[in-house]
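As provided, start.cif (mmCIF, C-alpha atoms) reads as follows.
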```
data_query
loop_
_atom_site.label_atom_id
_atom_site.label_comp_id
_atom_site.auth_asym_id
_atom_site.auth_seq_id
_atom_site.Cartn_x
_atom_site.Cartn_y
_atom_site.Cartn_z
CA MET T 61 32.04 2.27 2.00
CA LYS T 62 32.69 5.77 3.22
CA ASP T 63 34.49 6.47 6.46
CA ASP T 64 32.18 7.41 9.33
CA ASN T 65 33.17 11.05 9.25
CA GLN T 66 32.70 11.32 5.47
CA LEU T 67 29.03 10.39 5.51
CA PRO T 68 26.53 13.26 5.46
CA GLY T 69 25.09 13.85 8.91
CA SER T 70 27.90 12.11 10.78
CA GLN T 71 29.13 15.37 12.30
CA GLN T 72 25.68 16.92 12.46
CA LYS T 73 23.93 18.04 15.64
CA PRO T 74 20.17 17.63 16.13
CA VAL T 75 18.14 20.68 15.17
CA LYS T 76 15.93 20.01 18.21
CA THR T 77 15.87 17.68 21.19
CA PHE T 78 12.77 16.77 23.16
CA LYS T 79 13.75 15.96 26.75
CA GLY T 80 12.18 15.05 30.06
CA TYR T 81 11.89 11.27 29.87
CA LYS T 82 13.00 9.08 32.76
CA HIS T 83 13.35 5.86 30.74
CA TRP T 84 13.78 4.61 27.19
CA ILE T 85 11.76 5.84 24.22
CA THR T 86 9.82 2.98 22.63
CA SER T 87 7.75 4.61 19.89
CA ILE T 88 7.45 7.82 17.83
CA ALA T 89 4.52 8.74 15.56
CA THR T 90 4.05 11.85 13.43
CA PHE T 91 0.70 13.60 13.17
CA PRO T 92 -0.78 13.95 9.66
CA ASP T 93 -0.76 17.74 10.03
CA GLY T 94 3.05 17.64 10.23
CA GLU T 95 3.04 19.90 13.27
CA ARG T 96 3.27 17.42 16.15
CA ILE T 97 4.68 14.08 17.21
CA ALA T 98 3.41 11.54 19.73
CA THR T 99 5.89 9.49 21.74
CA ALA T 100 5.79 6.54 24.12
CA SER T 101 8.23 5.55 26.83
CA LEU T 102 8.95 2.94 29.45
CA ASP T 103 8.63 5.76 31.99
CA LYS T 104 4.85 5.25 31.75
CA THR T 105 4.17 8.38 29.75
CA ILE T 106 2.63 9.29 26.41
CA ARG T 107 3.66 12.77 25.30
CA ILE T 108 2.72 15.16 22.53
CA TRP T 109 5.28 17.66 21.25
CA ARG T 110 4.80 20.72 19.08
CA LEU T 111 7.48 20.76 16.40
CA ALA T 112 7.60 24.51 15.76
CA ASP T 113 9.10 25.34 19.14
CA GLY T 114 9.74 21.92 20.73
CA ALA T 115 7.16 22.52 23.46
CA GLU T 116 5.62 19.59 25.33
CA MET T 117 1.92 20.10 24.73
CA MET T 118 0.61 17.11 26.62
CA LYS T 119 1.94 14.48 28.99
CA TRP T 120 -0.23 11.54 29.95
CA VAL T 121 0.96 9.55 32.94
CA VAL T 122 -0.39 6.01 32.55
CA LYS T 123 -0.28 3.07 34.94
CA GLN T 124 2.25 0.87 33.16
CA CYS T 125 5.10 0.98 30.63
CA VAL T 126 4.12 1.90 27.07
CA GLY T 127 5.60 -0.56 24.59
CA ALA T 128 4.06 0.70 21.34
CA LEU T 129 1.87 3.49 19.99
CA VAL T 130 0.00 4.24 16.75
CA LEU T 131 -2.24 7.07 15.55
CA LEU T 132 -5.76 6.55 14.22
CA GLU T 133 -8.52 8.50 12.44
CA ASN T 134 -6.35 11.29 11.08
CA GLY T 135 -5.01 12.24 14.48
CA LYS T 136 -8.13 11.90 16.60
CA HIS T 137 -7.20 8.81 18.59
CA VAL T 138 -4.04 7.28 20.00
CA VAL T 139 -3.76 3.52 20.52
CA SER T 140 -1.15 2.31 22.99
CA ALA T 141 0.07 -1.05 24.29
CA GLU T 142 0.75 -0.89 28.02
CA GLY T 143 2.01 -3.43 30.51
CA GLU T 144 4.83 -4.90 32.54
CA PHE T 145 8.38 -5.49 31.32
CA PRO T 146 10.88 -7.90 32.89
CA ASP T 147 12.76 -6.56 35.89
CA SER T 148 15.97 -6.49 33.85
CA VAL T 149 14.59 -3.56 31.83
CA GLY T 150 14.61 -1.37 34.88
CA GLU T 151 18.14 -2.53 35.63
CA GLY T 152 19.30 -1.26 32.24
CA ASN T 153 20.51 -4.59 30.82
CA PHE T 154 17.50 -5.59 28.75
CA ASP T 155 17.88 -7.54 25.49
CA GLU T 156 15.75 -9.81 23.32
CA ASP T 157 16.60 -12.86 25.43
CA ASP T 158 14.41 -11.32 28.12
CA PHE T 159 11.43 -11.88 25.79
CA ASP T 160 10.19 -15.21 27.16
CA PRO T 161 6.78 -16.20 25.76
CA ASN T 162 6.21 -18.31 28.87
CA ASP T 163 6.39 -15.29 31.17
CA ALA T 164 2.89 -14.24 32.22
CA LEU T 165 2.85 -10.43 32.01
CA ASP T 166 -0.18 -8.17 32.12
CA TRP T 167 -0.53 -6.32 28.78
CA GLN T 168 -3.50 -4.37 27.49
CA LEU T 169 -4.37 -1.98 24.66
CA TRP T 170 -5.97 1.41 25.25
CA VAL T 171 -7.64 3.81 22.82
CA ARG T 172 -7.89 7.45 23.92
CA ASP T 173 -9.46 10.55 22.46
CA VAL T 174 -6.73 13.11 22.06
CA GLU T 175 -8.69 16.26 22.76
CA SER T 176 -10.35 15.12 25.97
CA GLY T 177 -8.07 12.32 27.10
CA ARG T 178 -11.17 10.17 27.44
CA VAL T 179 -10.76 6.40 27.09
CA VAL T 180 -12.61 5.42 23.91
CA ALA T 181 -11.92 1.73 24.35
CA GLY T 182 -9.98 -0.43 26.74
CA PRO T 183 -8.58 -2.19 28.34
CA LEU T 184 -8.45 -4.48 25.29
CA GLU T 185 -7.30 -7.79 26.69
CA GLY T 186 -6.07 -11.00 25.13
CA HIS T 187 -2.28 -10.97 25.15
CA THR T 188 -0.43 -12.70 27.98
CA SER T 189 3.01 -11.18 27.42
CA ILE T 190 4.81 -8.11 26.07
CA VAL T 191 3.21 -6.24 23.15
CA ILE T 192 5.89 -4.32 21.25
CA THR T 193 4.27 -3.94 17.83
CA LEU T 194 1.01 -2.44 16.55
CA ASP T 195 -0.23 -1.54 13.08
CA ILE T 196 -3.36 -0.18 11.40
CA SER T 197 -4.77 -1.53 8.14
CA PRO T 198 -4.66 0.86 5.14
CA ASP T 199 -8.42 1.47 5.40
CA GLU T 200 -8.14 1.94 9.21
CA LYS T 201 -10.85 -0.65 9.82
CA MET T 202 -8.52 -3.00 11.63
CA LEU T 203 -5.90 -2.66 14.37
CA VAL T 204 -3.47 -5.53 14.78
CA SER T 205 -1.30 -6.26 17.81
CA GLY T 206 1.64 -8.67 18.01
CA SER T 207 3.15 -10.11 21.15
CA VAL T 208 5.98 -12.12 22.62
CA ASP T 209 3.21 -14.58 23.58
CA CYS T 210 3.46 -15.83 19.96
CA THR T 211 0.07 -14.47 18.90
CA VAL T 212 -1.33 -11.74 16.67
CA ILE T 213 -4.77 -10.35 17.55
CA LEU T 214 -7.05 -8.50 15.12
CA TRP T 215 -9.34 -5.74 16.43
CA ASP T 216 -12.32 -4.12 14.68
CA THR T 217 -11.77 -0.35 15.04
CA SER T 218 -15.50 0.41 14.81
CA SER T 219 -16.46 -1.77 17.78
CA TRP T 220 -13.07 -2.54 19.33
CA GLN T 221 -14.03 -6.18 19.48
CA ARG T 222 -11.69 -8.97 18.42
CA LYS T 223 -12.05 -10.19 14.86
CA GLY T 224 -11.96 -13.96 15.22
CA LEU T 225 -9.43 -16.01 17.12
CA PRO T 226 -5.79 -14.93 17.50
CA ILE T 227 -3.31 -15.98 14.83
CA LEU T 228 -0.91 -18.51 16.36
CA CYS T 229 2.62 -17.82 15.12
CA ALA T 230 4.55 -20.53 17.02
CA SER T 231 7.28 -18.10 18.13
CA SER T 232 7.61 -14.60 19.57
CA VAL T 233 6.29 -11.79 17.35
CA PHE T 234 8.61 -8.78 17.04
CA CYS T 235 7.05 -6.82 14.17
CA ILE T 236 3.79 -6.67 12.19
CA ARG T 237 3.25 -4.51 9.08
CA PHE T 238 0.47 -4.06 6.54
CA SER T 239 1.49 -3.66 2.91
CA PRO T 240 -0.04 -0.88 0.76
CA THR T 241 -1.98 -3.60 -1.04
CA GLY T 242 -3.40 -5.11 2.15
CA GLN T 243 -1.13 -8.12 2.65
CA PHE T 244 0.18 -8.53 6.16
CA GLY T 245 3.73 -9.34 7.24
CA ILE T 246 4.75 -10.88 10.56
CA ALA T 247 8.36 -11.06 11.75
CA THR T 248 8.92 -13.70 14.40
CA ASP T 249 11.80 -15.27 16.23
CA GLU T 250 12.03 -18.03 13.62
CA ASP T 251 10.41 -16.89 10.37
CA ILE T 252 8.65 -14.25 8.30
CA GLN T 253 5.00 -14.95 7.54
CA ILE T 254 2.75 -13.32 4.95
CA TRP T 255 -1.01 -13.38 5.48
CA ASP T 256 -4.25 -12.43 3.80
CA LEU T 257 -6.13 -11.38 6.93
CA ASP T 258 -9.52 -11.05 5.24
CA GLN T 259 -9.44 -14.73 4.33
CA ARG T 260 -7.33 -15.78 7.32
CA LYS T 261 -4.98 -17.49 4.90
CA ARG T 262 -1.22 -17.70 5.25
CA LEU T 263 0.25 -16.99 1.83
CA ALA T 264 3.94 -17.57 2.48
CA GLN T 265 6.39 -18.50 5.20
CA PHE T 266 10.19 -18.37 5.01
CA LYS T 267 13.04 -18.28 7.49
CA GLY T 268 14.44 -14.88 6.57
CA HIS T 269 17.33 -13.90 8.83
CA LEU T 270 17.21 -17.24 10.66
CA ASP T 271 19.04 -18.73 7.67
CA PHE T 272 21.96 -16.40 8.41
CA ASN T 273 23.75 -17.28 11.63
CA LYS T 274 20.42 -18.23 13.23
CA ALA T 275 19.42 -14.60 13.56
CA ARG T 276 16.03 -13.31 14.65
CA ASN T 277 13.69 -11.41 12.32
CA PHE T 278 13.30 -8.10 14.11
CA GLU T 279 11.75 -5.54 11.75
CA LEU T 280 9.72 -5.18 8.54
CA THR T 281 8.69 -2.43 6.16
CA TRP T 282 7.12 -2.60 2.68
CA ALA T 283 8.02 -0.81 -0.53
CA ARG T 284 5.34 1.73 -1.44
CA ASP T 285 4.25 -0.33 -4.47
CA GLY T 286 4.21 -3.58 -2.49
CA THR T 287 6.76 -5.29 -4.77
CA HIS T 288 9.37 -5.73 -2.04
CA LEU T 289 9.38 -6.41 1.67
CA PHE T 290 12.38 -5.25 3.70
CA SER T 291 13.50 -6.92 6.90
CA ALA T 292 16.15 -6.30 9.54
CA GLY T 293 17.86 -8.81 11.78
CA ASN T 294 19.13 -8.87 15.32
CA SER T 295 22.80 -8.89 16.33
CA ASN T 296 23.48 -12.24 14.64
CA ASP T 297 22.63 -10.73 11.23
CA PRO T 298 22.55 -6.92 11.61
CA VAL T 299 21.74 -6.18 7.96
CA ILE T 300 18.70 -5.15 5.91
CA ARG T 301 17.43 -7.66 3.38
CA SER T 302 14.98 -7.15 0.52
CA TRP T 303 12.50 -9.86 -0.52
CA ASP T 304 10.77 -10.01 -3.91
CA THR T 305 7.07 -10.40 -3.11
CA SER T 306 6.40 -12.34 -6.32
CA THR T 307 8.76 -15.17 -5.31
CA TRP T 308 9.67 -14.46 -1.66
CA LYS T 309 13.31 -14.88 -2.58
CA GLN T 310 15.97 -12.36 -1.59
CA ALA T 311 16.40 -9.54 -4.08
CA GLY T 312 19.88 -8.09 -4.38
CA ASP T 313 22.62 -8.06 -1.78
CA PRO T 314 21.99 -7.28 1.89
CA TRP T 315 22.43 -3.68 3.00
CA ILE T 316 25.49 -3.79 5.23
CA GLY T 317 26.70 -0.97 7.46
CA HIS T 318 25.45 -1.31 11.02
CA ASP T 319 27.97 -2.59 13.54
CA LYS T 320 28.34 -6.29 14.15
CA ASP T 321 26.73 -7.73 17.28
CA CYS T 322 24.19 -4.90 17.39
CA ASP T 323 20.45 -5.34 16.83
CA ILE T 324 18.66 -3.29 14.18
CA SER T 325 15.65 -2.20 16.20
CA HIS T 326 13.52 -0.34 13.63
CA ILE T 327 13.29 0.37 9.89
CA ILE T 328 10.92 2.67 7.99
CA LEU T 329 10.59 4.20 4.52
CA ASN T 330 10.18 7.93 3.96
CA PRO T 331 6.86 9.23 2.58
CA ALA T 332 8.20 9.24 -1.00
CA GLY T 333 9.52 5.70 -0.71
CA THR T 334 13.02 6.73 -1.78
CA LEU T 335 14.93 6.56 1.53
CA LEU T 336 14.93 3.96 4.27
CA ALA T 337 15.91 4.82 7.84
CA SER T 338 17.25 2.24 10.28
CA ALA T 339 17.82 2.53 14.03
CA SER T 340 20.32 0.34 15.82
CA ASP T 341 21.93 -0.61 19.10
CA ASP T 342 25.16 0.71 17.56
CA CYS T 343 23.91 4.19 18.60
CA THR T 344 23.21 5.34 15.05
CA VAL T 345 20.35 6.07 12.70
CA ARG T 346 21.32 5.44 9.10
CA LEU T 347 19.69 6.50 5.84
CA TRP T 348 19.80 4.18 2.85
CA ARG T 349 19.03 4.99 -0.75
CA PHE T 350 16.14 2.75 -1.75
CA HIS T 351 17.23 2.35 -5.36
CA THR T 352 20.82 1.29 -4.60
CA GLY T 353 20.79 -0.01 -1.03
CA THR T 354 23.75 2.20 -0.16
CA GLU T 355 24.15 4.14 3.07
CA VAL T 356 23.92 7.86 2.33
CA ALA T 357 23.73 9.50 5.78
CA ARG T 358 24.34 8.71 9.42
CA PHE T 359 23.20 10.36 12.64
CA LYS T 360 24.90 9.55 15.93
CA HIS T 361 23.29 9.11 19.35
CA SER T 362 25.07 8.56 22.65
CA HIS T 363 23.12 5.37 23.39
CA PRO T 364 21.29 2.60 21.47
CA VAL T 365 18.43 3.84 19.28
CA VAL T 366 15.05 2.10 19.47
CA HIS T 367 12.75 3.97 17.08
CA VAL T 368 12.89 6.34 14.12
CA ALA T 369 10.20 8.26 12.19
CA PHE T 370 10.18 10.61 9.19
CA SER T 371 8.53 13.99 9.26
CA VAL T 372 5.41 14.29 7.09
CA ASP T 373 7.29 16.41 4.53
CA GLY T 374 10.19 13.93 4.48
CA LEU T 375 12.79 16.60 5.23
CA SER T 376 13.78 15.42 8.70
CA ILE T 377 13.74 12.41 10.99
CA PHE T 378 12.99 11.87 14.68
CA SER T 379 14.82 9.22 16.67
CA GLY T 380 15.05 8.10 20.27
CA GLY T 381 15.89 5.21 22.53
CA ASN T 382 18.08 4.54 25.53
CA ASP T 383 19.30 8.15 25.70
CA LYS T 384 15.85 9.13 27.05
CA LYS T 385 15.21 11.91 24.55
CA ILE T 386 13.95 12.50 21.01
CA SER T 387 16.38 14.02 18.51
CA GLN T 388 15.23 15.76 15.34
CA TRP T 389 17.73 15.66 12.45
CA GLU T 390 17.62 17.51 9.16
CA ILE T 391 18.29 15.27 6.17
CA PRO T 392 21.16 16.79 4.12
CA GLU T 393 19.97 18.55 0.96
CA ASP T 394 22.29 16.56 -1.33
CA VAL T 395 20.85 13.31 0.04
CA LEU T 396 17.30 14.50 -0.64
CA ALA T 397 18.22 15.68 -4.14
CA ALA T 398 19.81 12.36 -5.04
CA ALA T 399 16.84 10.42 -3.66
CA GLU T 400 14.38 12.47 -5.73
CA SER T 401 16.08 11.28 -8.90
CA ASP T 402 15.65 7.59 -8.04
CA PRO T 403 13.09 5.50 -9.91
CA LEU T 404 10.87 3.97 -7.25
CA ALA T 405 9.98 0.72 -8.90
CA ASN T 406 13.42 -0.60 -9.86
CA ALA T 407 14.03 -3.96 -8.24
CA LYS T 408 17.45 -5.37 -7.54
CA ASN T 409 18.70 -8.39 -9.45
CA GLU T 410 18.05 -11.65 -7.67
CA VAL T 411 21.09 -13.27 -6.08
CA THR T 412 21.81 -16.81 -5.04
CA THR T 413 20.84 -17.26 -1.42
CA PRO T 414 20.50 -20.13 1.05
CA ASN T 415 17.37 -22.29 0.98
CA TYR T 416 14.64 -20.20 2.57
CA ASP T 417 12.21 -23.12 2.96
CA PHE T 418 9.55 -21.09 1.17
CA ILE T 419 6.20 -22.66 2.01
CA PRO T 420 3.23 -21.66 -0.14
CA PHE T 421 -0.12 -22.08 1.55
CA HIS T 422 -2.98 -22.73 -0.82
CA ALA T 423 -5.76 -23.54 1.30
CA GLN T 424 -1.14 9.64 15.36
CA VAL T 425 -3.06 11.64 17.46
CA TYR T 426 -3.48 14.81 19.37
CA SER T 427 -5.20 18.05 18.40
CA PHE T 428 -4.86 20.87 20.90
CA GLN T 429 -5.70 24.00 18.97
CA GLY T 430 -4.80 27.08 20.93
CA CYS T 431 -2.70 25.18 23.45
CA SER T 432 0.38 27.24 24.17
CA GLY T 433 1.64 25.58 27.32
CA GLN T 434 2.00 22.17 28.91
CA ARG T 435 -0.78 20.17 30.46
CA GLN T 436 -0.17 17.13 32.64
CA TYR T 437 -2.54 14.78 34.36
CA GLU T 438 -3.08 11.14 35.18
CA ALA T 439 -4.48 9.44 32.12
CA PRO T 440 -8.02 8.21 32.65
CA ALA T 441 -8.39 4.45 32.78
#
```
Kindly present the structure from the file in structure tokens form.
Amino acid sequence: MKDDNQLPGSQQKPVKTFKGYKHWITSIATFPDGERIATASLDKTIRIWRLADGAEMMKWVVKQCVGALVLLENGKHVVSAEGEFPDSVGEGNFDEDDFDPNDALDWQLWVRDVESGRVVAGPLEGHTSIVITLDISPDEKMLVSGSVDCTVILWDTSSWQRKGLPILCASSVFCIRFSPTGQFGIATDEDIQIWDLDQRKRLAQFKGHLDFNKARNFELTWARDGTHLFSAGNSNDPVIRSWDTSTWKQAGDPWIGHDKDCDISHIILNPAGTLLASASDDCTVRLWRFHTGTEVARFKHSHPVVHVAFSVDGLSIFSGGNDKKISQWEIPEDVLAAAESDPLANAKNEVTTPNYDFIPFHAQVYSFQGCSGQRQYEAPA
């Protein structure tokens, strides 16, 4: 493993910073046009930034903290999860142990039109605790929300009505992700679950990081061809693991690099599927080569990092967290060149792993053309 200072990016400064937040960044989403990003924060704001000059184009002040955000309909709508966090968040000492599914907290989803700020749908109610994860199905017909209340709720994006009863997951839900092929992954406190949502059938269930020092399953992302699912653990197992989707056994060795005793808070693949970015409480964002699982670049923050996103062209990343700002980093050219030569479909050799108790079950979003300055107003509710 290379020394910190030898890794590309380790001495690099951000090419841009987007400032003005009063609390942590919780979510970053890139617009399909590649010209803007949308961000969410615990300071009760949703903001839109223009990438060309770093200008804040829009700031929506909402009534509660924003825990997650996704973009819908090619940048026409923004969907946000908004609600109360435990008091310890405001005191600056928040960790996953504050996620108590028995705490009754008011959380709702809102859908807003980005040009007018008009509420398209909401409040969408059903969760009784913190919602920190949202995802949209590949065909954009379904929004899914996951909560610390141990449930996943499916929403029809044409009517914004619930699709059936909530999925009961038995433990807190930290991440939900659709695969390119339509399968659905859920990372919970105690397991990783794979579902066919159309048939409401659970296809697989395995312990994941829980088998390693009783860690929590914090994050998921899928390979572009759907052949592998990647997961990241909390501080008890701060590594990235790859799972072969044909067997749900671990494929290859874990990707080790993040500091011990630090949660990995977010992982995501670049648009080409050749690089994986991970954000961590160790105050770094790290890039990993998909084909080899080796760390190839590192970007340093002053505080724990909560979220990371790739630019649409894959040439840079955006990251933010407890430092109350968004940093834009250029990916080193040699890292990009090496990644372009990687075959995308090569799987790692399977290794011997602990018993995963595999259980088969058979049964982004603003468009302000011509906007040159900043607009701010209370978001309609």
Discussion item. So, with only C-alpha atoms as the atoms that count, which of T:Ala89, T:Leu111, T:Leu280, T:Leu169 lies closest to Gly135 of chain T?
Written reply: T:Ala89
Residue members of the PyMOL selection byres ((chain T and resi 106) around 9) in the file shown, as a compact mmCIF listing (two decimals) with C-alpha atoms, keeping the file's coordinate frame:
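Listed below is the output, result_38.txt:
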```txt
# COMPACT_ATOMS: atom_id res chain seq x y z
CA ALA T 98 3.41 11.54 19.73
CA THR T 99 5.89 9.49 21.74
CA ALA T 100 5.79 6.54 24.12
CA SER T 101 8.23 5.55 26.83
CA ASP T 103 8.63 5.76 31.99
CA LYS T 104 4.85 5.25 31.75
CA THR T 105 4.17 8.38 29.75
CA ARG T 107 3.66 12.77 25.30
CA ILE T 108 2.72 15.16 22.53
CA MET T 118 0.61 17.11 26.62
CA LYS T 119 1.94 14.48 28.99
CA TRP T 120 -0.23 11.54 29.95
CA VAL T 121 0.96 9.55 32.94
CA VAL T 122 -0.39 6.01 32.55
CA VAL T 126 4.12 1.90 27.07
CA LEU T 129 1.87 3.49 19.99
CA SER T 140 -1.15 2.31 22.99
```
Can you build me a table of segment 213-294 of chain T residues sitting at most 8 Å from segment 328-345 of chain T, with the closest atom pair per residue and its distance in Å to one decimal, using all atoms listed in the file, sorted by chain and residue number, as a tab-separated table?
```
residue	atom	partner	partner_atom	distance
T:Leu280	CA	T:Ile328	CA	8.0
T:Thr281	CA	T:Ile328	CA	5.9
T:Trp282	CA	T:Leu329	CA	7.9
T:Ala283	CA	T:Gly333	CA	6.7
T:Arg284	CA	T:Gly333	CA	5.8
```
Discussion item. Using only C-alpha atoms and a cutoff of 7 Å, can you tell me which residues are near (9.3, 8.6, 24.1) in the file's coordinates, and write them out as a PyMOL selection string?
Written reply: chain T and resi 81+84-88+99-101+380+385-386
Under the rule of at most 10 Å, produce a per-residue listing of segment 225-256 of chain T near segment 289-293 of chain T: chain, number, name, the closest pair of atoms, and the distance in Å, as CSV, using all atoms listed in the file.
```
residue,atom,partner,partner_atom,distance
T:Cys235,CA,T:Ser291,CA,9.7
T:Arg237,CA,T:Leu289,CA,9.8
T:Ser239,CA,T:Leu289,CA,8.4
T:Gly245,CA,T:Leu289,CA,8.5
T:Ala247,CA,T:Ser291,CA,8.2
T:Asp249,CA,T:Gly293,CA,9.9
T:Ile252,CA,T:Ser291,CA,8.9
```
Start from the incomplete input, build N, CA, C and O atoms for segment 343-362 of chain T, and deliver everything as a PDB file, in the coordinates of the input.
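Output saved as rebuild-v9.pdb:
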```
ATOM      1  N   CYS T 343      24.052   2.760  18.260  1.00  0.00           N
ATOM      2  CA  CYS T 343      23.910   4.190  18.600  1.00  0.00           C
ATOM      3  C   CYS T 343      23.817   5.080  17.365  1.00  0.00           C
ATOM      4  O   CYS T 343      24.135   6.275  17.441  1.00  0.00           O
ATOM      5  N   THR T 344      23.369   4.527  16.249  1.00  0.00           N
ATOM      6  CA  THR T 344      23.210   5.340  15.050  1.00  0.00           C
ATOM      7  C   THR T 344      21.836   5.142  14.422  1.00  0.00           C
ATOM      8  O   THR T 344      21.187   4.106  14.598  1.00  0.00           O
ATOM      9  N   VAL T 345      21.428   6.173  13.680  1.00  0.00           N
ATOM     10  CA  VAL T 345      20.350   6.070  12.700  1.00  0.00           C
ATOM     11  C   VAL T 345      21.005   6.247  11.341  1.00  0.00           C
ATOM     12  O   VAL T 345      21.800   7.179  11.149  1.00  0.00           O
ATOM     13  N   ARG T 346      20.705   5.369  10.421  1.00  0.00           N
ATOM     14  CA  ARG T 346      21.320   5.440   9.100  1.00  0.00           C
ATOM     15  C   ARG T 346      20.247   5.575   8.029  1.00  0.00           C
ATOM     16  O   ARG T 346      19.153   5.015   8.148  1.00  0.00           O
ATOM     17  N   LEU T 347      20.569   6.346   6.996  1.00  0.00           N
ATOM     18  CA  LEU T 347      19.690   6.500   5.840  1.00  0.00           C
ATOM     19  C   LEU T 347      20.274   5.718   4.679  1.00  0.00           C
ATOM     20  O   LEU T 347      21.481   5.791   4.414  1.00  0.00           O
ATOM     21  N   TRP T 348      19.410   5.010   3.975  1.00  0.00           N
ATOM     22  CA  TRP T 348      19.800   4.180   2.850  1.00  0.00           C
ATOM     23  C   TRP T 348      19.016   4.613   1.618  1.00  0.00           C
ATOM     24  O   TRP T 348      17.815   4.863   1.694  1.00  0.00           O
ATOM     25  N   ARG T 349      19.685   4.662   0.507  1.00  0.00           N
ATOM     26  CA  ARG T 349      19.030   4.990  -0.750  1.00  0.00           C
ATOM     27  C   ARG T 349      18.276   3.752  -1.239  1.00  0.00           C
ATOM     28  O   ARG T 349      18.858   2.685  -1.450  1.00  0.00           O
ATOM     29  N   PHE T 350      16.986   3.894  -1.409  1.00  0.00           N
ATOM     30  CA  PHE T 350      16.140   2.750  -1.750  1.00  0.00           C
ATOM     31  C   PHE T 350      16.583   2.088  -3.052  1.00  0.00           C
ATOM     32  O   PHE T 350      16.615   0.860  -3.158  1.00  0.00           O
ATOM     33  N   HIS T 351      16.926   2.879  -4.040  1.00  0.00           N
ATOM     34  CA  HIS T 351      17.230   2.350  -5.360  1.00  0.00           C
ATOM     35  C   HIS T 351      18.529   1.555  -5.388  1.00  0.00           C
ATOM     36  O   HIS T 351      18.665   0.589  -6.136  1.00  0.00           O
ATOM     37  N   THR T 352      19.505   1.928  -4.548  1.00  0.00           N
ATOM     38  CA  THR T 352      20.820   1.290  -4.600  1.00  0.00           C
ATOM     39  C   THR T 352      21.156   0.470  -3.358  1.00  0.00           C
ATOM     40  O   THR T 352      22.072  -0.353  -3.390  1.00  0.00           O
ATOM     41  N   GLY T 353      20.458   0.694  -2.265  1.00  0.00           N
ATOM     42  CA  GLY T 353      20.790  -0.010  -1.030  1.00  0.00           C
ATOM     43  C   GLY T 353      22.072   0.467  -0.390  1.00  0.00           C
ATOM     44  O   GLY T 353      22.665  -0.246   0.423  1.00  0.00           O
ATOM     45  N   THR T 354      22.517   1.667  -0.725  1.00  0.00           N
ATOM     46  CA  THR T 354      23.750   2.200  -0.160  1.00  0.00           C
ATOM     47  C   THR T 354      23.435   3.188   0.964  1.00  0.00           C
ATOM     48  O   THR T 354      22.444   3.920   0.909  1.00  0.00           O
ATOM     49  N   GLU T 355      24.303   3.210   1.969  1.00  0.00           N
ATOM     50  CA  GLU T 355      24.150   4.140   3.070  1.00  0.00           C
ATOM     51  C   GLU T 355      24.546   5.534   2.600  1.00  0.00           C
ATOM     52  O   GLU T 355      25.636   5.729   2.056  1.00  0.00           O
ATOM     53  N   VAL T 356      23.671   6.505   2.830  1.00  0.00           N
ATOM     54  CA  VAL T 356      23.920   7.860   2.330  1.00  0.00           C
ATOM     55  C   VAL T 356      24.008   8.904   3.439  1.00  0.00           C
ATOM     56  O   VAL T 356      24.406  10.040   3.187  1.00  0.00           O
ATOM     57  N   ALA T 357      23.627   8.552   4.666  1.00  0.00           N
ATOM     58  CA  ALA T 357      23.730   9.500   5.780  1.00  0.00           C
ATOM     59  C   ALA T 357      23.698   8.727   7.085  1.00  0.00           C
ATOM     60  O   ALA T 357      23.172   7.610   7.155  1.00  0.00           O
ATOM     61  N   ARG T 358      24.263   9.350   8.110  1.00  0.00           N
ATOM     62  CA  ARG T 358      24.340   8.710   9.420  1.00  0.00           C
ATOM     63  C   ARG T 358      24.217   9.765  10.509  1.00  0.00           C
ATOM     64  O   ARG T 358      24.806  10.835  10.417  1.00  0.00           O
ATOM     65  N   PHE T 359      23.419   9.445  11.526  1.00  0.00           N
ATOM     66  CA  PHE T 359      23.200  10.360  12.640  1.00  0.00           C
ATOM     67  C   PHE T 359      23.530   9.622  13.935  1.00  0.00           C
ATOM     68  O   PHE T 359      23.037   8.507  14.160  1.00  0.00           O
ATOM     69  N   LYS T 360      24.342  10.242  14.778  1.00  0.00           N
ATOM     70  CA  LYS T 360      24.900   9.550  15.930  1.00  0.00           C
ATOM     71  C   LYS T 360      24.217   9.959  17.243  1.00  0.00           C
ATOM     72  O   LYS T 360      24.099  11.138  17.554  1.00  0.00           O
ATOM     73  N   HIS T 361      23.794   8.943  17.989  1.00  0.00           N
ATOM     74  CA  HIS T 361      23.290   9.110  19.350  1.00  0.00           C
ATOM     75  C   HIS T 361      24.376   8.695  20.331  1.00  0.00           C
ATOM     76  O   HIS T 361      25.377   8.086  19.961  1.00  0.00           O
ATOM     77  N   SER T 362      24.134   8.969  21.597  1.00  0.00           N
ATOM     78  CA  SER T 362      25.070   8.560  22.650  1.00  0.00           C
ATOM     79  C   SER T 362      24.762   7.169  23.182  1.00  0.00           C
ATOM     80  O   SER T 362      25.606   6.555  23.846  1.00  0.00           O
TER      81      SER T 362
END
```
